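What follows is one structure encoded as structure tokens, with my remarks underneath.
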Amino acid sequence: MVAGAIAIGDGLGNFRVFAPQWLAFALTAAAVCAYVTIRPRLGYALAIIAIAAAATIPVRELLAPEIAPGSIRGFADGDKVTLAGVLDRAPEQTPNLTHLYLRVSRAAHFGSPLSPSSGEVRIAALDRARFQIGDVIRITGRLRFPRNNGDPGEFDYQGYMARAGITATMTAPQRSFGTPAFSIDGSRKPLLAGAIEAVRERIGAFFDANLKDPERAEMRAIVIGDRGGITPALRDRFARTGMAHLLVISGLHLSFVAAAVFAFVRLLMMLAPGLASRGWANKAAAIAAGAAVCAYAAIAGHHVSTTRALVMVLAYMFAIVIDRSREALASMALAAIVICIALPGSTADVGFQLSFASVLAISLGMRRFAAWIRWRRFRGRLARDGPARGWTIFGAVIGYVAVSFWAMLGTAPLTAFHFNQFAIVGLAANAVVVPIMGFFATLCGLGAALASFLSIPAARGLLRAGALALELSNYLAGWFLRWPGAWARAFTPTLIELALAYAAILLWLGAPIKDDPRIAHAPDDSGGLAAAQPQAHPRIGWRAAAAAIIVVLAIADAGWWIHDRYFSSTLRVTFLAVGEGDGAVVRFPGGRVMLIDAGGAYRGYDYGERVVAPYLWSRKIMQVDYLVMSHPDLDHFGGFSFIADNFSPRRFWSSGALSPDRSFGLLMASLERNRVRLRTITAASAPATIGGVTVDAITPEPAHAESNNNSSLVIRLELGRSSFLFTGDIEAPGEAALEASGRNLRAAVLKVPHHGSTTSSTPAFIAAVRPIVAVISDGYRNRFHFPAATVISRYQASGATVLRTDRDGAIAVRATPRSISVSAYRSIPIPPYSAH
């Protein structure tokens, strides 16, 4: 109960539900008073609530801290600053840059004298210079504070960085503001941390000298925790087969190391029967295993996932030492308490959720599996009137597969929630590959790393064996991925749907085990008596009622979403916050979906994958019918490739303009690969009707399209008196051409041209459109300084409500034939408008 209360409080804190300190103290006092009087149960309940309330306090200090004197939080977002401090974590290499972690000791605005300061800054260093933990550096750049885009279904980047202890970020090129971005002023390498880093570097150099990619990158990942060499293609191959956990040092790797050391030390202890007979064998083996995993975690570097896994393994080793090894759930509860106290906010971490969900499902599931095996063995003995040795082997084989099954069952809802996929082939893939890669390759890699300090030839032999295991694992992962239906995309379940899924799983796994009474007194295979098993409780009414409630709620939830997805009569348009780019999702009455632009893709950040797709999945949209590209600029088409590969689009509309950009060629290849029909839309194209909505192209004539911007495909949607105008990046000449065409430009909602640039939104154009709502799609603190203040003033002077994705987040508009209603992700709802 204590672990549950702490986890609940930590979870509430992650939802920004914080209890004031006085409330926690008051509840504690009330609990003590109730307990010492005549109401101990009430006191116990109040104590649990007090613990949950107290658990929210450290999460509040993490996610919503007060600005302390001298903190770098006192700077404004985007300020030019100079920072000085020490690298307190090992640098992380990626294919494009190096991440450095600077513990700031002094800071100032650029050009001002440095003064004492504090904070942790993650620096994206484009310079590939060599850095080490303990380096004292000075850096100049723009300070950025972690911030979410403000889109439904998005990843909580701000919370993730806070849980990682990162106060701010900075990107540092080779030179900044006319001076070198970096200067290394010395070293303050801590003795222990410096020694560990030297060991990591030596092991990494040994791997680099003796292995080729991808085995080199994988060995570095599973031995020293360096994931920088893992390519997206390799990561996807393992993720889609349900084996992504094999590429990071997780509880699986630490458990295998602990098990191997435990077995080895216990075997050695058997050579001293006197100590073994006193019960010291298991205790000594557990202590040795705990020391081994601590050393492994130290070499693995500073990763929250590794630290969390270490705590879980140490909790179980501690249970063995105190003779509580059979109480797996108690060990898990202890680990949860330690993790939530040591690492506040951990319940929001996907690794925490997956780890505890899988362990809980395995613990409860194997309990049911063991009862089933006992029953099968008992039936076999009755049939043959003798011991059934074959069932021992059968039970071991099936039990091994069962562990994978229970882990998959326990993590499936979370996998859908966080990764929007389900590895159907994962049961078979994990059963085959985990022993090869997770156990054999890991132990060979660790053995080779240790042997490299003693005998290079022996180390190379072990490393070669591990590399062969990795090579085989890579082949098997690709082979499983080629199976028909190996994996499938999944929509994002809501929190209510997650709760229903886990309620159903726990209701099943937690149900009483119904053994045949005769089994309790039947001889086992060794001639002894089988242990008595718990009997079914005679009253199971509440379980049946709970199951019925879950089914009814699930049916109601499914019915609501089916109606929302396919039977809504409203036209819904969502302007997504995709940085300095455009991206709008149009949901027509009847269920068809159109995506007008899809944001950009820069330095590995794909807005189609990170923003557009999560929004679609959060709305249970698994297919996009129409892709519409306004014009071939990267900030408009960059995200289309991911959408084309994952949402089975039927048609791709464009103005016919092309781009020499390599990314545009990749988009065309993706459309061809997915057999998407291409259509060039011009001003002469006949209007289309989709779900009762008129879709009309009023693109400027080619004579006015002297640039990509003025070749933008302009789309007008009309449902009764409600209308929308999507203008791409047209500028003043394109706007003038539209005005001269005589086409109807009136629109209740206008997507402001060219992100609010001064080159667009002329007074004549605004007068022709007469928008009620003007939506500006732009990036937060973008380098172009969009939108221009004069442009905003023009729209406000015309009577339009101006909304901006950089400040307001995603902007959702619901339209009926008579009215529109507007809401913004970061703003209060806006009163409905009557459409003109």
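Each chain in the structure tokens gets a letter, A, B and so on, in the order shown; residues start at 1 in every chain, and ligands are counted from 1 in the order they appear.
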
What's around region 239-244 of chain A at 8 Å? Count only C-alpha atoms, leave out sequence neighbours fewer than 4 positions away in its own chain, and write the answer as a CSV table (one decimal) with C-alpha atoms, in the first residue's frame.
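Wrote result11.csv, looks like this:
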chain,number,residue,atom,x,y,z
A,235,ARG,CA,16.4,0.6,-34.0
A,248,VAL,CA,19.7,-0.5,-24.3
A,421,GLN,CA,2.7,-0.2,-32.5
A,422,PHE,CA,2.3,-3.8,-31.5
A,423,ALA,CA,4.8,-6.5,-32.3
A,424,ILE,CA,2.7,-9.5,-33.2
A,425,VAL,CA,5.8,-11.5,-33.8
A,426,GLY,CA,7.4,-10.4,-30.6
A,429,ALA,CA,11.2,-13.2,-31.7
A,430,ASN,CA,11.9,-12.6,-28.0
A,477,ALA,CA,15.4,-9.7,-36.2
A,480,PHE,CA,11.1,-12.1,-38.1
A,481,LEU,CA,10.3,-8.7,-39.4
A,486,ALA,CA,4.9,-9.2,-38.1
A,487,TRP,CA,3.8,-5.9,-36.6

Please tabulate, as CSV, the residues of region 89-182 of chain A that come within 9 Å of region 190-207 of chain A, each with its closest pair of atoms and the distance in Å to one decimal, counting only C-alpha atoms and ordering rows by chain, then residue number upward.
residue,atom,partner,partner_atom,distance
A:Arg89,CA,A:Ala193,CA,8.9
A:Ala90,CA,A:Glu197,CA,7.3
A:Gln132,CA,A:Glu197,CA,8.1
A:Ile133,CA,A:Gly194,CA,7.0
A:Gly134,CA,A:Pro190,CA,6.7

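Around Ser404 (chain A), within 9 Å and counting only C-alpha atoms, the residues found are Ile362, Gly399, Leu409, Gly426, Leu427, Ala428, Asn430 and Ala431 of chain A, once anything fewer than 5 positions away on its own chain is removed.
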
Using the selection just defined, write its residues with N, CA, C and O atoms as an mmCIF file, in the first residue's frame.
data_model
loop_
_atom_site.group_PDB
_atom_site.id
_atom_site.type_symbol
_atom_site.label_atom_id
_atom_site.label_comp_id
_atom_site.auth_asym_id
_atom_site.auth_seq_id
_atom_site.Cartn_x
_atom_site.Cartn_y
_atom_site.Cartn_z
ATOM 1 N N ILE A 362 4.381 -10.824 -15.263
ATOM 2 C CA ILE A 362 5.101 -12.108 -15.197
ATOM 3 C C ILE A 362 4.871 -12.789 -13.853
ATOM 4 O O ILE A 362 4.609 -14.002 -13.783
ATOM 5 N N GLY A 399 7.069 -22.929 -20.184
ATOM 6 C CA GLY A 399 7.232 -21.866 -19.202
ATOM 7 C C GLY A 399 8.121 -20.753 -19.706
ATOM 8 O O GLY A 399 7.882 -19.572 -19.430
ATOM 9 N N LEU A 409 1.853 -9.315 -22.710
ATOM 10 C CA LEU A 409 0.496 -8.947 -22.285
ATOM 11 C C LEU A 409 0.537 -7.734 -21.365
ATOM 12 O O LEU A 409 -0.268 -6.798 -21.506
ATOM 13 N N GLY A 426 6.463 -10.577 -31.717
ATOM 14 C CA GLY A 426 7.352 -10.412 -30.577
ATOM 15 C C GLY A 426 7.459 -11.627 -29.685
ATOM 16 O O GLY A 426 8.522 -11.886 -29.099
ATOM 17 N N LEU A 427 6.390 -12.404 -29.551
ATOM 18 C CA LEU A 427 6.426 -13.583 -28.695
ATOM 19 C C LEU A 427 7.477 -14.570 -29.176
ATOM 20 O O LEU A 427 8.317 -15.043 -28.400
ATOM 21 N N ALA A 428 7.455 -14.859 -30.470
ATOM 22 C CA ALA A 428 8.436 -15.792 -31.026
ATOM 23 C C ALA A 428 9.821 -15.163 -31.092
ATOM 24 O O ALA A 428 10.829 -15.806 -30.770
ATOM 25 N N ASN A 430 11.249 -12.744 -29.293
ATOM 26 C CA ASN A 430 11.912 -12.633 -27.999
ATOM 27 C C ASN A 430 12.369 -13.987 -27.480
ATOM 28 O O ASN A 430 13.464 -14.110 -26.917
ATOM 29 N N ALA A 431 11.530 -15.009 -27.673
ATOM 30 C CA ALA A 431 11.902 -16.336 -27.195
ATOM 31 C C ALA A 431 13.176 -16.842 -27.853
ATOM 32 O O ALA A 431 13.984 -17.548 -27.229
#

(request) Write out as a PyMOL selection string all residues of region 54-285 of chain A that backbone DSSP assigns to alpha helix (DSSP H). (result) chain A and resi 54-63+157-163+191-210+215-223+232-239+251-269+273-277+280-285

Can I get the selection written as a PDB file, in the first residue's frame, with C-alpha atoms?
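Listing of selection20.pdb after writing:
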ATOM      1  CA  ALA A  54       3.669  14.148   0.213  1.00  0.00           C
ATOM      2  CA  ALA A  55       4.899  12.281  -2.890  1.00  0.00           C
ATOM      3  CA  THR A  56       3.642  15.105  -5.114  1.00  0.00           C
ATOM      4  CA  ILE A  57       5.901  17.674  -3.421  1.00  0.00           C
ATOM      5  CA  PRO A  58       9.282  16.607  -4.869  1.00  0.00           C
ATOM      6  CA  VAL A  59       7.666  16.278  -8.306  1.00  0.00           C
ATOM      7  CA  ARG A  60       6.440  19.874  -8.049  1.00  0.00           C
ATOM      8  CA  GLU A  61       9.969  20.998  -7.163  1.00  0.00           C
ATOM      9  CA  LEU A  62      11.170  19.158 -10.252  1.00  0.00           C
ATOM     10  CA  LEU A  63       8.560  20.275 -12.796  1.00  0.00           C
ATOM     11  CA  TYR A 157       9.679  16.851 -23.891  1.00  0.00           C
ATOM     12  CA  GLN A 158       9.573  19.455 -21.140  1.00  0.00           C
ATOM     13  CA  GLY A 159       8.842  16.876 -18.449  1.00  0.00           C
ATOM     14  CA  TYR A 160      11.394  14.455 -19.879  1.00  0.00           C
ATOM     15  CA  MET A 161      14.168  17.048 -19.678  1.00  0.00           C
ATOM     16  CA  ALA A 162      13.155  18.036 -16.144  1.00  0.00           C
ATOM     17  CA  ARG A 163      13.305  14.411 -14.996  1.00  0.00           C
ATOM     18  CA  LEU A 191      38.981  10.674  -9.076  1.00  0.00           C
ATOM     19  CA  LEU A 192      36.337   7.922  -9.208  1.00  0.00           C
ATOM     20  CA  ALA A 193      34.378   9.372 -12.129  1.00  0.00           C
ATOM     21  CA  GLY A 194      37.621   9.959 -14.029  1.00  0.00           C
ATOM     22  CA  ALA A 195      38.754   6.386 -13.470  1.00  0.00           C
ATOM     23  CA  ILE A 196      35.383   5.001 -14.612  1.00  0.00           C
ATOM     24  CA  GLU A 197      35.422   7.207 -17.701  1.00  0.00           C
ATOM     25  CA  ALA A 198      38.943   6.039 -18.552  1.00  0.00           C
ATOM     26  CA  VAL A 199      37.783   2.422 -18.322  1.00  0.00           C
ATOM     27  CA  ARG A 200      34.783   3.181 -20.561  1.00  0.00           C
ATOM     28  CA  GLU A 201      36.976   4.863 -23.155  1.00  0.00           C
ATOM     29  CA  ARG A 202      39.454   2.003 -23.174  1.00  0.00           C
ATOM     30  CA  ILE A 203      36.694  -0.574 -23.600  1.00  0.00           C
ATOM     31  CA  GLY A 204      35.092   1.515 -26.342  1.00  0.00           C
ATOM     32  CA  ALA A 205      38.421   1.841 -28.165  1.00  0.00           C
ATOM     33  CA  PHE A 206      38.897  -1.933 -27.947  1.00  0.00           C
ATOM     34  CA  PHE A 207      35.469  -2.495 -29.509  1.00  0.00           C
ATOM     35  CA  ASP A 208      36.129   0.111 -32.204  1.00  0.00           C
ATOM     36  CA  ALA A 209      39.404  -1.555 -33.167  1.00  0.00           C
ATOM     37  CA  ASN A 210      38.009  -5.073 -33.420  1.00  0.00           C
ATOM     38  CA  GLU A 215      27.933  -5.082 -34.250  1.00  0.00           C
ATOM     39  CA  ARG A 216      30.346  -2.404 -32.990  1.00  0.00           C
ATOM     40  CA  ALA A 217      27.506   0.003 -32.221  1.00  0.00           C
ATOM     41  CA  GLU A 218      25.439  -2.737 -30.575  1.00  0.00           C
ATOM     42  CA  MET A 219      28.329  -3.937 -28.406  1.00  0.00           C
ATOM     43  CA  ARG A 220      29.023  -0.391 -27.259  1.00  0.00           C
ATOM     44  CA  ALA A 221      25.321   0.031 -26.453  1.00  0.00           C
ATOM     45  CA  ILE A 222      24.929  -3.126 -24.342  1.00  0.00           C
ATOM     46  CA  VAL A 223      28.292  -2.977 -22.550  1.00  0.00           C
ATOM     47  CA  PRO A 232      17.317   4.536 -36.976  1.00  0.00           C
ATOM     48  CA  ALA A 233      17.007   1.567 -39.346  1.00  0.00           C
ATOM     49  CA  LEU A 234      18.523  -0.817 -36.782  1.00  0.00           C
ATOM     50  CA  ARG A 235      16.408   0.631 -34.000  1.00  0.00           C
ATOM     51  CA  ASP A 236      13.232   0.232 -36.073  1.00  0.00           C
ATOM     52  CA  ARG A 237      14.097  -3.380 -36.915  1.00  0.00           C
ATOM     53  CA  PHE A 238      14.253  -4.335 -33.251  1.00  0.00           C
ATOM     54  CA  ALA A 239      11.366  -2.100 -32.188  1.00  0.00           C
ATOM     55  CA  GLY A 251      16.691  -4.714 -16.358  1.00  0.00           C
ATOM     56  CA  LEU A 252      17.011  -7.674 -18.712  1.00  0.00           C
ATOM     57  CA  HIS A 253      20.764  -7.215 -19.143  1.00  0.00           C
ATOM     58  CA  LEU A 254      21.403  -6.542 -15.466  1.00  0.00           C
ATOM     59  CA  SER A 255      19.260  -9.545 -14.521  1.00  0.00           C
ATOM     60  CA  PHE A 256      21.244 -11.830 -16.823  1.00  0.00           C
ATOM     61  CA  VAL A 257      24.530 -10.575 -15.380  1.00  0.00           C
ATOM     62  CA  ALA A 258      23.194 -10.989 -11.849  1.00  0.00           C
ATOM     63  CA  ALA A 259      21.941 -14.500 -12.631  1.00  0.00           C
ATOM     64  CA  ALA A 260      25.264 -15.567 -14.173  1.00  0.00           C
ATOM     65  CA  VAL A 261      27.331 -14.232 -11.255  1.00  0.00           C
ATOM     66  CA  PHE A 262      24.849 -15.653  -8.734  1.00  0.00           C
ATOM     67  CA  ALA A 263      25.030 -19.111 -10.291  1.00  0.00           C
ATOM     68  CA  PHE A 264      28.838 -19.034 -10.495  1.00  0.00           C
ATOM     69  CA  VAL A 265      29.368 -17.896  -6.882  1.00  0.00           C
ATOM     70  CA  ARG A 266      26.766 -20.324  -5.562  1.00  0.00           C
ATOM     71  CA  LEU A 267      28.541 -23.150  -7.363  1.00  0.00           C
ATOM     72  CA  LEU A 268      31.810 -22.096  -5.720  1.00  0.00           C
ATOM     73  CA  MET A 269      30.105 -22.006  -2.330  1.00  0.00           C
ATOM     74  CA  PRO A 273      29.596 -27.580   2.502  1.00  0.00           C
ATOM     75  CA  GLY A 274      29.881 -26.122   5.979  1.00  0.00           C
ATOM     76  CA  LEU A 275      29.022 -22.619   4.808  1.00  0.00           C
ATOM     77  CA  ALA A 276      26.427 -23.856   2.325  1.00  0.00           C
ATOM     78  CA  SER A 277      24.633 -25.886   5.006  1.00  0.00           C
ATOM     79  CA  TRP A 280      25.289 -18.749   3.267  1.00  0.00           C
ATOM     80  CA  ALA A 281      25.528 -19.900  -0.341  1.00  0.00           C
ATOM     81  CA  ASN A 282      22.566 -17.894  -1.598  1.00  0.00           C
ATOM     82  CA  LYS A 283      23.442 -14.871   0.542  1.00  0.00           C
ATOM     83  CA  ALA A 284      27.043 -14.733  -0.656  1.00  0.00           C
ATOM     84  CA  ALA A 285      25.930 -15.267  -4.252  1.00  0.00           C
TER      85      ALA A 285
END

(message) With DSSP run on the backbone, what are the strand (DSSP E) residues within region 80-114 of chain A? I'd like them as a list in words.
(response)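 For region 80-114 of chain A, the strand (DSSP E) set is Lys80, Val81, Thr82, Leu83, Ala84, Gly85, Val86, Leu87, Glu92, Gln93, Thr98, His99, Leu100, Tyr101, Leu102, Arg103, Val104, Ser105, Arg106, Ala107, Ala108 and His109 of chain A.
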
Selection to disk with C-alpha atoms, as an mmCIF file, in the first residue's frame:
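out-v4.cif was written with the following content:
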data_model
loop_
_atom_site.group_PDB
_atom_site.id
_atom_site.type_symbol
_atom_site.label_atom_id
_atom_site.label_comp_id
_atom_site.auth_asym_id
_atom_site.auth_seq_id
_atom_site.Cartn_x
_atom_site.Cartn_y
_atom_site.Cartn_z
ATOM 1 C CA LYS A 80 22.708 35.441 -25.701
ATOM 2 C CA VAL A 81 24.732 34.224 -22.741
ATOM 3 C CA THR A 82 28.186 33.032 -21.796
ATOM 4 C CA LEU A 83 28.332 30.044 -19.445
ATOM 5 C CA ALA A 84 31.232 28.577 -17.519
ATOM 6 C CA GLY A 85 31.227 25.289 -15.658
ATOM 7 C CA VAL A 86 32.264 21.646 -15.552
ATOM 8 C CA LEU A 87 31.131 18.711 -17.704
ATOM 9 C CA GLU A 92 27.106 11.368 -25.675
ATOM 10 C CA GLN A 93 28.040 10.937 -29.314
ATOM 11 C CA THR A 98 27.828 15.536 -29.426
ATOM 12 C CA HIS A 99 25.687 16.126 -26.352
ATOM 13 C CA LEU A 100 27.577 17.728 -23.474
ATOM 14 C CA TYR A 101 26.226 18.196 -19.954
ATOM 15 C CA LEU A 102 27.464 21.347 -18.267
ATOM 16 C CA ARG A 103 27.024 22.035 -14.566
ATOM 17 C CA VAL A 104 27.041 25.806 -14.614
ATOM 18 C CA SER A 105 29.042 27.697 -11.983
ATOM 19 C CA ARG A 106 29.142 31.169 -13.596
ATOM 20 C CA ALA A 107 27.022 32.902 -16.227
ATOM 21 C CA ALA A 108 26.263 36.287 -17.740
ATOM 22 C CA HIS A 109 24.711 37.964 -20.728
#

(request) Tell me, in Å to one decimal, how far CA of Phe369 (chain A) is from CA of Ser331 (chain A). (result)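 It comes out at 20.9 Å.
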
Long-range neighbours of Leu750 (chain A) as a compact mmCIF listing (two decimals) with N, CA and C atoms, in the first residue's frame, 9 Å cut-off, only C-alpha atoms, 6 positions minimum in chain:
# COMPACT_ATOMS: atom_id res chain seq x y z
N SER A 723 -16.43 28.76 -43.87
CA SER A 723 -15.42 28.56 -44.92
C SER A 723 -14.02 28.75 -44.35
N PHE A 724 -13.05 28.10 -45.02
CA PHE A 724 -11.65 28.15 -44.62
C PHE A 724 -10.82 28.45 -45.87
N LEU A 725 -9.74 29.19 -45.71
CA LEU A 725 -8.83 29.49 -46.81
C LEU A 725 -7.41 29.15 -46.38
N PHE A 726 -6.80 28.19 -47.11
CA PHE A 726 -5.42 27.78 -46.85
C PHE A 726 -4.54 28.37 -47.96
N THR A 727 -3.59 29.21 -47.56
CA THR A 727 -2.88 30.02 -48.55
C THR A 727 -1.42 29.66 -48.77
N VAL A 769 -10.64 38.86 -48.02
CA VAL A 769 -10.97 37.63 -47.28
C VAL A 769 -11.91 37.90 -46.13
N ARG A 770 -11.68 39.02 -45.42
CA ARG A 770 -12.48 39.40 -44.26
C ARG A 770 -12.60 38.25 -43.25
N PRO A 771 -11.48 37.78 -42.73
CA PRO A 771 -11.55 36.62 -41.82
C PRO A 771 -12.08 36.99 -40.45
N ILE A 772 -12.74 36.04 -39.83
CA ILE A 772 -13.14 36.18 -38.43
C ILE A 772 -11.98 35.73 -37.54
N VAL A 773 -11.31 34.67 -37.95
CA VAL A 773 -10.16 34.13 -37.22
C VAL A 773 -8.99 34.03 -38.19
N ALA A 774 -7.84 34.56 -37.80
CA ALA A 774 -6.61 34.47 -38.59
C ALA A 774 -5.61 33.62 -37.83
N VAL A 775 -5.22 32.51 -38.42
CA VAL A 775 -4.31 31.57 -37.78
C VAL A 775 -2.92 31.71 -38.39
N ILE A 776 -1.93 32.00 -37.55
CA ILE A 776 -0.54 32.12 -38.00
C ILE A 776 0.21 30.88 -37.54

(message) So that I can see what lies close to Ala330 (chain A), please list as a PyMOL selection string the residues with an atom at most 9 Å from it, counting only C-alpha atoms and leaving out residues fewer than 6 positions away in the same chain.
(response) chain A and resi 316+319+324

I need the chosen residues saved as an mmCIF file, in the first residue's frame, with N, CA, C and O atoms.
data_model
loop_
_atom_site.group_PDB
_atom_site.id
_atom_site.type_symbol
_atom_site.label_atom_id
_atom_site.label_comp_id
_atom_site.auth_asym_id
_atom_site.auth_seq_id
_atom_site.Cartn_x
_atom_site.Cartn_y
_atom_site.Cartn_z
ATOM 1 N N TYR A 316 15.826 -7.144 -5.374
ATOM 2 C CA TYR A 316 15.620 -8.603 -5.322
ATOM 3 C C TYR A 316 16.808 -9.297 -4.664
ATOM 4 O O TYR A 316 16.641 -10.260 -3.914
ATOM 5 N N ALA A 319 16.320 -9.035 -1.093
ATOM 6 C CA ALA A 319 15.309 -9.989 -0.627
ATOM 7 C C ALA A 319 15.922 -11.373 -0.412
ATOM 8 O O ALA A 319 15.562 -12.081 0.535
ATOM 9 N N ARG A 324 13.859 -13.584 1.752
ATOM 10 C CA ARG A 324 12.521 -13.266 1.267
ATOM 11 C C ARG A 324 12.473 -13.378 -0.264
ATOM 12 O O ARG A 324 11.774 -12.625 -0.924
#

(request) Check the smallest atom-to-atom distance from each of A:Leu42, A:Ala812, A:Met629, A:Leu476 to Arg826 (chain A) using only C-alpha atoms, then report the winner. (result)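 Smallest separation from Arg826 (chain A) among the options: A:Ala812.
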
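Each of A:Trp653, A:Phe318, A:Phe25, A:Phe575 was compared to Arg804 (chain A) using only C-alpha atoms, and A:Phe575 turns out to be the nearest.
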
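Using only C-alpha atoms, the nearest neighbour of Phe417 (chain A) within the list A:Asp226, A:Asp606, A:Asp135, A:Glu154 is A:Glu154.
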